[in-house]
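Chemist: I'm passing along entry_30.cif; it holds mmCIF, N, CA and C atoms.
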data_data
loop_
_atom_site.group_PDB
_atom_site.id
_atom_site.type_symbol
_atom_site.label_atom_id
_atom_site.label_comp_id
_atom_site.auth_asym_id
_atom_site.auth_seq_id
_atom_site.Cartn_x
_atom_site.Cartn_y
_atom_site.Cartn_z
ATOM 1 N N MET A 219 -10.848 -49.601 9.750
ATOM 2 C CA MET A 219 -10.040 -48.945 8.750
ATOM 3 C C MET A 219 -10.889 -48.554 7.542
ATOM 4 N N ASP A 220 -11.876 -49.360 7.245
ATOM 5 C CA ASP A 220 -12.742 -49.038 6.116
ATOM 6 C C ASP A 220 -13.544 -47.771 6.374
ATOM 7 N N VAL A 221 -13.874 -47.527 7.645
ATOM 8 C CA VAL A 221 -14.652 -46.337 7.977
ATOM 9 C C VAL A 221 -13.799 -45.086 7.763
ATOM 10 N N MET A 222 -12.512 -45.147 8.080
ATOM 11 C CA MET A 222 -11.644 -43.981 7.938
ATOM 12 C C MET A 222 -11.369 -43.648 6.471
ATOM 13 N N LEU A 223 -11.482 -44.627 5.596
ATOM 14 C CA LEU A 223 -11.209 -44.397 4.184
ATOM 15 C C LEU A 223 -12.484 -44.366 3.346
ATOM 16 N N SER A 224 -13.615 -44.306 3.998
ATOM 17 C CA SER A 224 -14.864 -44.267 3.238
ATOM 18 C C SER A 224 -15.037 -42.891 2.594
ATOM 19 N N GLU A 225 -15.918 -42.836 1.607
ATOM 20 C CA GLU A 225 -16.144 -41.605 0.857
ATOM 21 C C GLU A 225 -16.623 -40.447 1.740
ATOM 22 N N PRO A 226 -17.604 -40.632 2.622
ATOM 23 C CA PRO A 226 -18.037 -39.499 3.467
ATOM 24 C C PRO A 226 -16.944 -38.989 4.413
ATOM 25 N N THR A 227 -16.134 -39.909 4.940
ATOM 26 C CA THR A 227 -15.062 -39.502 5.845
ATOM 27 C C THR A 227 -14.003 -38.698 5.103
ATOM 28 N N LEU A 228 -13.648 -39.120 3.902
ATOM 29 C CA LEU A 228 -12.676 -38.381 3.111
ATOM 30 C C LEU A 228 -13.206 -36.996 2.737
ATOM 31 N N THR A 229 -14.499 -36.905 2.485
ATOM 32 C CA THR A 229 -15.109 -35.608 2.183
ATOM 33 C C THR A 229 -15.030 -34.678 3.388
ATOM 34 N N VAL A 230 -15.305 -35.217 4.569
ATOM 35 C CA VAL A 230 -15.224 -34.410 5.787
ATOM 36 C C VAL A 230 -13.791 -33.937 6.012
ATOM 37 N N TRP A 231 -12.824 -34.834 5.856
ATOM 38 C CA TRP A 231 -11.422 -34.455 6.046
ATOM 39 C C TRP A 231 -10.989 -33.403 5.025
ATOM 40 N N SER A 232 -11.440 -33.528 3.790
ATOM 41 C CA SER A 232 -11.062 -32.532 2.789
ATOM 42 C C SER A 232 -11.700 -31.180 3.099
ATOM 43 N N LEU A 233 -12.938 -31.177 3.594
ATOM 44 C CA LEU A 233 -13.572 -29.921 3.977
ATOM 45 C C LEU A 233 -12.872 -29.280 5.173
ATOM 46 N N LEU A 234 -12.481 -30.094 6.137
ATOM 47 C CA LEU A 234 -11.743 -29.563 7.286
ATOM 48 C C LEU A 234 -10.387 -28.999 6.851
ATOM 49 N N GLY A 235 -9.717 -29.678 5.940
ATOM 50 C CA GLY A 235 -8.442 -29.181 5.426
ATOM 51 C C GLY A 235 -8.608 -27.861 4.680
ATOM 52 N N ALA A 236 -9.664 -27.769 3.883
ATOM 53 C CA ALA A 236 -9.915 -26.522 3.152
ATOM 54 C C ALA A 236 -10.232 -25.383 4.122
ATOM 55 N N ALA A 237 -11.010 -25.672 5.161
ATOM 56 C CA ALA A 237 -11.337 -24.642 6.151
ATOM 57 C C ALA A 237 -10.088 -24.189 6.896
ATOM 58 N N LEU A 238 -9.241 -25.126 7.294
ATOM 59 C CA LEU A 238 -8.011 -24.779 7.993
ATOM 60 C C LEU A 238 -7.077 -23.975 7.087
ATOM 61 N N GLY A 239 -6.957 -24.376 5.847
ATOM 62 C CA GLY A 239 -6.125 -23.629 4.901
ATOM 63 C C GLY A 239 -6.638 -22.217 4.680
ATOM 64 N N THR A 240 -7.950 -22.070 4.595
ATOM 65 C CA THR A 240 -8.542 -20.746 4.419
ATOM 66 C C THR A 240 -8.277 -19.863 5.630
ATOM 67 N N LEU A 241 -8.419 -20.421 6.820
ATOM 68 C CA LEU A 241 -8.137 -19.653 8.035
ATOM 69 C C LEU A 241 -6.675 -19.236 8.110
ATOM 70 N N LEU A 242 -5.769 -20.137 7.747
ATOM 71 C CA LEU A 242 -4.351 -19.797 7.756
ATOM 72 C C LEU A 242 -4.032 -18.720 6.726
ATOM 73 N N LEU A 243 -4.636 -18.802 5.548
ATOM 74 C CA LEU A 243 -4.411 -17.791 4.523
ATOM 75 C C LEU A 243 -4.953 -16.434 4.960
ATOM 76 N N ALA A 244 -6.126 -16.420 5.579
ATOM 77 C CA ALA A 244 -6.695 -15.164 6.064
ATOM 78 C C ALA A 244 -5.820 -14.561 7.160
ATOM 79 N N ALA A 245 -5.322 -15.392 8.063
ATOM 80 C CA ALA A 245 -4.456 -14.893 9.136
ATOM 81 C C ALA A 245 -3.149 -14.343 8.560
ATOM 82 N N ALA A 246 -2.569 -15.031 7.602
ATOM 83 C CA ALA A 246 -1.328 -14.550 6.981
ATOM 84 C C ALA A 246 -1.560 -13.245 6.235
ATOM 85 N N THR A 247 -2.697 -13.114 5.573
ATOM 86 C CA THR A 247 -3.010 -11.880 4.858
ATOM 87 C C THR A 247 -3.182 -10.715 5.827
ATOM 88 N N LEU A 248 -3.878 -10.934 6.925
ATOM 89 C CA LEU A 248 -4.050 -9.877 7.928
ATOM 90 C C LEU A 248 -2.720 -9.483 8.550
ATOM 91 N N TRP A 249 -1.878 -10.460 8.837
ATOM 92 C CA TRP A 249 -0.568 -10.168 9.422
ATOM 93 C C TRP A 249 0.286 -9.371 8.439
ATOM 94 N N ALA A 250 0.305 -9.783 7.170
ATOM 95 C CA ALA A 250 1.093 -9.075 6.160
ATOM 96 C C ALA A 250 0.573 -7.650 5.972
ATOM 97 N N GLY A 251 -0.732 -7.468 5.998
ATOM 98 C CA GLY A 251 -1.302 -6.125 5.890
ATOM 99 C C GLY A 251 -0.904 -5.251 7.048
ATOM 100 N N ALA A 252 -0.896 -5.807 8.241
ATOM 101 C CA ALA A 252 -0.489 -5.045 9.421
ATOM 102 C C ALA A 252 0.984 -4.659 9.333
ATOM 103 N N GLN A 253 1.819 -5.574 8.859
ATOM 104 C CA GLN A 253 3.241 -5.275 8.721
ATOM 105 C C GLN A 253 3.476 -4.192 7.665
ATOM 106 N N LEU A 254 2.761 -4.285 6.555
ATOM 107 C CA LEU A 254 2.896 -3.283 5.498
ATOM 108 C C LEU A 254 2.447 -1.913 5.988
ATOM 109 N N THR A 255 1.360 -1.869 6.722
ATOM 110 C CA THR A 255 0.870 -0.606 7.273
ATOM 111 C C THR A 255 1.874 -0.010 8.243
ATOM 112 N N ARG A 256 2.450 -0.844 9.092
ATOM 113 C CA ARG A 256 3.439 -0.373 10.064
ATOM 114 C C ARG A 256 4.669 0.180 9.355
ATOM 115 N N GLN A 257 5.148 -0.525 8.341
ATOM 116 C CA GLN A 257 6.322 -0.070 7.600
ATOM 117 C C GLN A 257 6.042 1.248 6.873
ATOM 118 N N ALA A 258 4.865 1.344 6.245
ATOM 119 C CA ALA A 258 4.505 2.576 5.537
ATOM 120 C C ALA A 258 4.409 3.749 6.503
ATOM 121 N N ARG A 259 3.884 3.506 7.681
ATOM 122 C CA ARG A 259 3.787 4.564 8.694
ATOM 123 C C ARG A 259 5.169 5.046 9.119
ATOM 124 N N HIS A 260 6.088 4.129 9.336
ATOM 125 C CA HIS A 260 7.439 4.519 9.737
ATOM 126 C C HIS A 260 8.167 5.266 8.618
ATOM 127 N N VAL A 261 7.976 4.831 7.384
ATOM 128 C CA VAL A 261 8.605 5.532 6.262
ATOM 129 C C VAL A 261 8.063 6.949 6.163
ATOM 130 N N TRP A 262 6.729 7.086 6.269
ATOM 131 C CA TRP A 262 6.156 8.428 6.159
ATOM 132 C C TRP A 262 6.630 9.323 7.294
ATOM 133 N N GLN A 263 6.723 8.794 8.502
ATOM 134 C CA GLN A 263 7.180 9.609 9.619
ATOM 135 C C GLN A 263 8.630 10.040 9.432
ATOM 136 N N ALA A 264 9.406 9.247 8.702
ATOM 137 C CA ALA A 264 10.800 9.604 8.460
ATOM 138 C C ALA A 264 10.941 10.691 7.399
ATOM 139 N N VAL A 265 10.031 10.737 6.421
ATOM 140 C CA VAL A 265 10.181 11.684 5.314
ATOM 141 C C VAL A 265 9.178 12.826 5.349
ATOM 142 N N ARG A 266 8.342 12.904 6.341
ATOM 143 C CA ARG A 266 7.255 13.887 6.329
ATOM 144 C C ARG A 266 7.731 15.332 6.358
ATOM 145 N N GLY A 267 8.877 15.625 6.880
ATOM 146 C CA GLY A 267 9.375 16.992 6.914
ATOM 147 C C GLY A 267 9.963 17.459 5.584
ATOM 148 N N GLN A 268 10.048 16.565 4.621
ATOM 149 C CA GLN A 268 10.664 16.884 3.335
ATOM 150 C C GLN A 268 9.653 17.350 2.293
ATOM 151 N N THR A 269 8.382 17.501 2.658
ATOM 152 C CA THR A 269 7.331 17.839 1.692
ATOM 153 C C THR A 269 7.615 19.116 0.908
ATOM 154 N N PRO A 270 8.009 20.231 1.526
ATOM 155 C CA PRO A 270 8.271 21.440 0.729
ATOM 156 C C PRO A 270 9.398 21.250 -0.293
ATOM 157 N N ARG A 271 10.437 20.518 0.081
ATOM 158 C CA ARG A 271 11.544 20.280 -0.855
ATOM 159 C C ARG A 271 11.102 19.404 -2.011
ATOM 160 N N VAL A 272 10.275 18.414 -1.733
ATOM 161 C CA VAL A 272 9.790 17.537 -2.806
ATOM 162 C C VAL A 272 8.904 18.322 -3.760
ATOM 163 N N LEU A 273 8.007 19.136 -3.221
ATOM 164 C CA LEU A 273 7.128 19.928 -4.075
ATOM 165 C C LEU A 273 7.909 20.932 -4.912
ATOM 166 N N ALA A 274 8.969 21.485 -4.355
ATOM 167 C CA ALA A 274 9.786 22.433 -5.120
ATOM 168 C C ALA A 274 10.579 21.732 -6.222
ATOM 169 N N ALA A 275 10.821 20.443 -6.050
ATOM 170 C CA ALA A 275 11.603 19.693 -7.037
ATOM 171 C C ALA A 275 10.775 19.225 -8.224
ATOM 172 N N VAL A 276 9.448 19.346 -8.156
ATOM 173 C CA VAL A 276 8.599 18.852 -9.254
ATOM 174 C C VAL A 276 7.612 19.912 -9.732
ATOM 175 N N ASP A 277 8.017 21.168 -9.708
ATOM 176 C CA ASP A 277 7.074 22.220 -10.090
ATOM 177 C C ASP A 277 7.412 22.902 -11.409
ATOM 178 N N GLU A 278 8.461 22.478 -12.076
ATOM 179 C CA GLU A 278 8.861 23.069 -13.353
ATOM 180 C C GLU A 278 8.795 22.002 -14.451
ATOM 181 N N PRO A 279 8.366 22.369 -15.653
ATOM 182 C CA PRO A 279 8.303 21.387 -16.748
ATOM 183 C C PRO A 279 9.657 20.803 -17.126
ATOM 184 N N THR A 280 10.747 21.453 -16.742
ATOM 185 C CA THR A 280 12.076 20.948 -17.089
ATOM 186 C C THR A 280 12.679 20.038 -16.024
ATOM 187 N N ASP A 281 11.994 19.847 -14.908
ATOM 188 C CA ASP A 281 12.503 18.957 -13.865
ATOM 189 C C ASP A 281 12.605 17.533 -14.412
ATOM 190 N N PRO A 282 13.630 16.787 -13.999
ATOM 191 C CA PRO A 282 13.832 15.446 -14.561
ATOM 192 C C PRO A 282 12.635 14.504 -14.383
ATOM 193 N N LEU A 283 12.008 14.513 -13.228
ATOM 194 C CA LEU A 283 10.854 13.636 -13.023
ATOM 195 C C LEU A 283 9.704 14.031 -13.932
ATOM 196 N N ILE A 284 9.449 15.309 -14.061
ATOM 197 C CA ILE A 284 8.376 15.796 -14.927
ATOM 198 C C ILE A 284 8.675 15.431 -16.381
ATOM 199 N N ALA A 285 9.922 15.636 -16.804
ATOM 200 C CA ALA A 285 10.304 15.303 -18.175
ATOM 201 C C ALA A 285 10.150 13.809 -18.439
ATOM 202 N N GLY A 286 10.528 12.994 -17.478
ATOM 203 C CA GLY A 286 10.375 11.545 -17.638
ATOM 204 C C GLY A 286 8.919 11.125 -17.710
ATOM 205 N N LEU A 287 8.097 11.699 -16.846
ATOM 206 C CA LEU A 287 6.664 11.384 -16.894
ATOM 207 C C LEU A 287 6.042 11.825 -18.215
ATOM 208 N N ALA A 288 6.437 12.996 -18.691
ATOM 209 C CA ALA A 288 5.905 13.492 -19.962
ATOM 210 C C ALA A 288 6.338 12.605 -21.115
ATOM 211 N N HIS A 289 7.560 12.130 -21.067
ATOM 212 C CA HIS A 289 8.070 11.270 -22.133
ATOM 213 C C HIS A 289 7.329 9.933 -22.169
ATOM 214 N N HIS A 290 7.108 9.329 -21.000
ATOM 215 C CA HIS A 290 6.507 7.995 -20.945
ATOM 216 C C HIS A 290 4.994 7.998 -21.036
ATOM 217 N N SER A 291 4.363 9.083 -20.666
ATOM 218 C CA SER A 291 2.896 9.091 -20.634
ATOM 219 C C SER A 291 2.266 9.863 -21.786
ATOM 220 N N ARG A 292 3.046 10.626 -22.509
ATOM 221 C CA ARG A 292 2.559 11.472 -23.599
ATOM 222 C C ARG A 292 1.625 12.583 -23.119
ATOM 223 N N VAL A 293 1.639 12.848 -21.836
ATOM 224 C CA VAL A 293 0.936 14.007 -21.268
ATOM 225 C C VAL A 293 1.962 15.138 -21.246
ATOM 226 N N PRO A 294 1.607 16.335 -21.678
ATOM 227 C CA PRO A 294 2.583 17.429 -21.726
ATOM 228 C C PRO A 294 3.201 17.717 -20.357
ATOM 229 N N ALA A 295 4.459 18.115 -20.384
ATOM 230 C CA ALA A 295 5.198 18.396 -19.151
ATOM 231 C C ALA A 295 4.551 19.521 -18.351
ATOM 232 N N ALA A 296 3.959 20.498 -19.022
ATOM 233 C CA ALA A 296 3.307 21.599 -18.305
ATOM 234 C C ALA A 296 2.119 21.090 -17.484
ATOM 235 N N VAL A 297 1.426 20.085 -18.003
ATOM 236 C CA VAL A 297 0.301 19.502 -17.257
ATOM 237 C C VAL A 297 0.825 18.767 -16.029
ATOM 238 N N TRP A 298 1.898 17.980 -16.206
ATOM 239 C CA TRP A 298 2.483 17.287 -15.058
ATOM 240 C C TRP A 298 2.989 18.290 -14.022
ATOM 241 N N ALA A 299 3.603 19.369 -14.487
ATOM 242 C CA ALA A 299 4.144 20.366 -13.556
ATOM 243 C C ALA A 299 3.041 21.070 -12.779
ATOM 244 N N ALA A 300 1.862 21.181 -13.351
ATOM 245 C CA ALA A 300 0.734 21.800 -12.641
ATOM 246 C C ALA A 300 0.041 20.791 -11.729
ATOM 247 N N PHE A 301 -0.043 19.552 -12.166
ATOM 248 C CA PHE A 301 -0.799 18.539 -11.431
ATOM 249 C C PHE A 301 -0.015 17.918 -10.285
ATOM 250 N N LEU A 302 1.235 17.544 -10.540
ATOM 251 C CA LEU A 302 1.997 16.755 -9.563
ATOM 252 C C LEU A 302 2.204 17.456 -8.225
ATOM 253 N N PRO A 303 2.580 18.732 -8.165
ATOM 254 C CA PRO A 303 2.727 19.369 -6.847
ATOM 255 C C PRO A 303 1.410 19.411 -6.063
ATOM 256 N N ALA A 304 0.311 19.682 -6.761
ATOM 257 C CA ALA A 304 -0.988 19.713 -6.061
ATOM 258 C C ALA A 304 -1.350 18.331 -5.540
ATOM 259 N N PHE A 305 -1.115 17.306 -6.358
ATOM 260 C CA PHE A 305 -1.419 15.943 -5.936
ATOM 261 C C PHE A 305 -0.546 15.518 -4.762
ATOM 262 N N LEU A 306 0.758 15.761 -4.858
ATOM 263 C CA LEU A 306 1.658 15.374 -3.774
ATOM 264 C C LEU A 306 1.379 16.158 -2.494
ATOM 265 N N GLY A 307 1.019 17.433 -2.622
ATOM 266 C CA GLY A 307 0.664 18.219 -1.441
ATOM 267 C C GLY A 307 -0.590 17.688 -0.762
ATOM 268 N N ALA A 308 -1.594 17.332 -1.563
ATOM 269 C CA ALA A 308 -2.824 16.758 -0.993
ATOM 270 C C ALA A 308 -2.558 15.397 -0.377
ATOM 271 N N LEU A 309 -1.721 14.598 -1.033
ATOM 272 C CA LEU A 309 -1.369 13.285 -0.486
ATOM 273 C C LEU A 309 -0.639 13.437 0.842
ATOM 274 N N ALA A 310 0.308 14.373 0.914
ATOM 275 C CA ALA A 310 1.049 14.598 2.156
ATOM 276 C C ALA A 310 0.125 15.084 3.271
ATOM 277 N N ALA A 311 -0.798 15.975 2.942
ATOM 278 C CA ALA A 311 -1.741 16.454 3.961
ATOM 279 C C ALA A 311 -2.643 15.326 4.438
ATOM 280 N N GLY A 312 -3.103 14.494 3.524
ATOM 281 C CA GLY A 312 -3.942 13.361 3.912
ATOM 282 C C GLY A 312 -3.192 12.362 4.767
ATOM 283 N N LEU A 313 -1.940 12.073 4.397
ATOM 284 C CA LEU A 313 -1.144 11.152 5.208
ATOM 285 C C LEU A 313 -0.859 11.727 6.582
ATOM 286 N N ASP A 314 -0.585 13.023 6.650
ATOM 287 C CA ASP A 314 -0.373 13.651 7.958
ATOM 288 C C ASP A 314 -1.627 13.530 8.830
ATOM 289 N N GLN A 315 -2.775 13.727 8.224
ATOM 290 C CA GLN A 315 -4.034 13.655 8.977
ATOM 291 C C GLN A 315 -4.301 12.234 9.460
ATOM 292 N N VAL A 316 -4.109 11.269 8.579
ATOM 293 C CA VAL A 316 -4.372 9.876 8.940
ATOM 294 C C VAL A 316 -3.368 9.367 9.956
ATOM 295 N N LEU A 317 -2.108 9.702 9.760
ATOM 296 C CA LEU A 317 -1.062 9.167 10.632
ATOM 297 C C LEU A 317 -0.871 9.974 11.907
ATOM 298 N N ALA A 318 -1.594 11.075 12.056
ATOM 299 C CA ALA A 318 -1.523 11.844 13.288
ATOM 300 C C ALA A 318 -2.242 11.129 14.432
ATOM 301 N N GLU A 319 -3.155 10.231 14.068
ATOM 302 C CA GLU A 319 -3.859 9.478 15.096
ATOM 303 C C GLU A 319 -2.886 8.464 15.713
ATOM 304 N N PRO A 320 -2.936 8.281 17.035
ATOM 305 C CA PRO A 320 -1.999 7.337 17.664
ATOM 306 C C PRO A 320 -2.280 5.914 17.217
ATOM 307 N N ASP A 321 -1.220 5.165 17.070
ATOM 308 C CA ASP A 321 -1.320 3.766 16.664
ATOM 309 C C ASP A 321 -1.670 2.919 17.876
ATOM 310 N N ALA A 322 -2.741 2.146 17.776
ATOM 311 C CA ALA A 322 -3.208 1.336 18.901
ATOM 312 C C ALA A 322 -2.273 0.161 19.181
ATOM 313 N N SER A 323 -1.516 -0.296 18.172
ATOM 314 C CA SER A 323 -0.689 -1.491 18.361
ATOM 315 C C SER A 323 0.649 -1.164 19.021
ATOM 316 N N GLU A 324 1.023 0.120 19.111
ATOM 317 C CA GLU A 324 2.321 0.438 19.681
ATOM 318 C C GLU A 324 2.234 0.857 21.104
#
Take the structure in the file and give it back as structure tokens.
Modeler:
Amino acid sequence: MDVMLSEPTLTVWSLLGAALGTLLLAAATLWAGAQLTRQARHVWQAVRGQTPRVLAAVDEPTDPLIAGLAHHSRVPAAVWAAFLPAFLGALAAGLDQVLAEPDASE
């Protein structure tokens, strides 16, 4: 019993516990990342045909989203109206390109 409670044995057990905890945390992080990626892919596939309507809804300085962004960020609404459609269009094209590849897990 003294051997099991000795200082070197307790150090070994604590190192093994830390290693096991680290492996479990890494596995949980990888699993959560995979789930998040899968969910994001399904959401994008559901809304991908709406890109022209979304871009048309944020192209005027008087649009509610543009006005809200201008109010909270102190960037003029005309700048948001010029930037946001280009950014969202590029984001949609990039997502289409990335998500066009078949998913290996499905």
Chemist: Do you know which residues are at most 7 Å from A:Gly307 counting only N, CA and C atoms, after dropping those on the same chain fewer than 5 positions away, and could you put them as a VMD selection string?
Modeler: chain A and resid 273 302 312
Chemist: When you count only C-alpha atoms, which of these residues is closest to A:Val297: A:Ala310, A:Ala245, A:Val261, A:Val276?
Modeler: A:Val276
Chemist: From the set A:Pro303, A:Pro294, A:Pro226, A:Gly235, which residue has the shortest atom-to-atom contact distance to A:Val272, counting all atoms listed in the file?
Modeler: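 Among the listed residues, the smallest separation from A:Val272 belongs to A:Pro303.
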Chemist: Give the answer as one residue: which of A:Ala300, A:Ala275, A:Val293, A:Val265 has the shortest atom-to-atom distance to A:Asp314, using only C-alpha atoms?
Modeler: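 The shortest atom-to-atom distance to A:Asp314 comes from A:Val265.
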Chemist: From stretch 249-285 of chain A, collect each residue whose DSSP state is helix (DSSP H, G or I) and return the set as a PyMOL selection string.
Modeler: chain A and resi 249-275+282-285
Chemist: Produce stretch 249-260 of chain A of the given structure as output with N, CA and C atoms, as a PDB file, in the first residue's frame.
Modeler:
ATOM      1  N   TRP A 249     -14.749  16.556 -32.496  1.00  0.00           N
ATOM      2  CA  TRP A 249     -16.136  16.157 -32.747  1.00  0.00           C
ATOM      3  C   TRP A 249     -17.029  17.390 -32.870  1.00  0.00           C
ATOM      4  N   ALA A 250     -16.866  18.357 -31.964  1.00  0.00           N
ATOM      5  CA  ALA A 250     -17.676  19.575 -32.009  1.00  0.00           C
ATOM      6  C   ALA A 250     -17.399  20.360 -33.292  1.00  0.00           C
ATOM      7  N   GLY A 251     -16.153  20.412 -33.719  1.00  0.00           N
ATOM      8  CA  GLY A 251     -15.820  21.087 -34.972  1.00  0.00           C
ATOM      9  C   GLY A 251     -16.462  20.422 -36.158  1.00  0.00           C
ATOM     10  N   ALA A 252     -16.476  19.105 -36.169  1.00  0.00           N
ATOM     11  CA  ALA A 252     -17.110  18.371 -37.264  1.00  0.00           C
ATOM     12  C   ALA A 252     -18.615  18.620 -37.281  1.00  0.00           C
ATOM     13  N   GLN A 253     -19.232  18.654 -36.108  1.00  0.00           N
ATOM     14  CA  GLN A 253     -20.668  18.911 -36.037  1.00  0.00           C
ATOM     15  C   GLN A 253     -20.998  20.331 -36.502  1.00  0.00           C
ATOM     16  N   LEU A 254     -20.184  21.291 -36.090  1.00  0.00           N
ATOM     17  CA  LEU A 254     -20.401  22.677 -36.502  1.00  0.00           C
ATOM     18  C   LEU A 254     -20.243  22.826 -38.010  1.00  0.00           C
ATOM     19  N   THR A 255     -19.247  22.180 -38.571  1.00  0.00           N
ATOM     20  CA  THR A 255     -19.036  22.228 -40.017  1.00  0.00           C
ATOM     21  C   THR A 255     -20.208  21.612 -40.760  1.00  0.00           C
ATOM     22  N   ARG A 256     -20.700  20.488 -40.269  1.00  0.00           N
ATOM     23  CA  ARG A 256     -21.836  19.816 -40.904  1.00  0.00           C
ATOM     24  C   ARG A 256     -23.078  20.698 -40.853  1.00  0.00           C
ATOM     25  N   GLN A 257     -23.337  21.308 -39.706  1.00  0.00           N
ATOM     26  CA  GLN A 257     -24.505  22.175 -39.566  1.00  0.00           C
ATOM     27  C   GLN A 257     -24.398  23.400 -40.480  1.00  0.00           C
ATOM     28  N   ALA A 258     -23.206  24.006 -40.528  1.00  0.00           N
ATOM     29  CA  ALA A 258     -23.008  25.175 -41.389  1.00  0.00           C
ATOM     30  C   ALA A 258     -23.202  24.811 -42.855  1.00  0.00           C
ATOM     31  N   ARG A 259     -22.746  23.642 -43.241  1.00  0.00           N
ATOM     32  CA  ARG A 259     -22.923  23.185 -44.624  1.00  0.00           C
ATOM     33  C   ARG A 259     -24.400  23.013 -44.961  1.00  0.00           C
ATOM     34  N   HIS A 260     -25.160  22.423 -44.062  1.00  0.00           N
ATOM     35  CA  HIS A 260     -26.588  22.232 -44.314  1.00  0.00           C
ATOM     36  C   HIS A 260     -27.336  23.565 -44.359  1.00  0.00           C
TER      37      HIS A 260
END
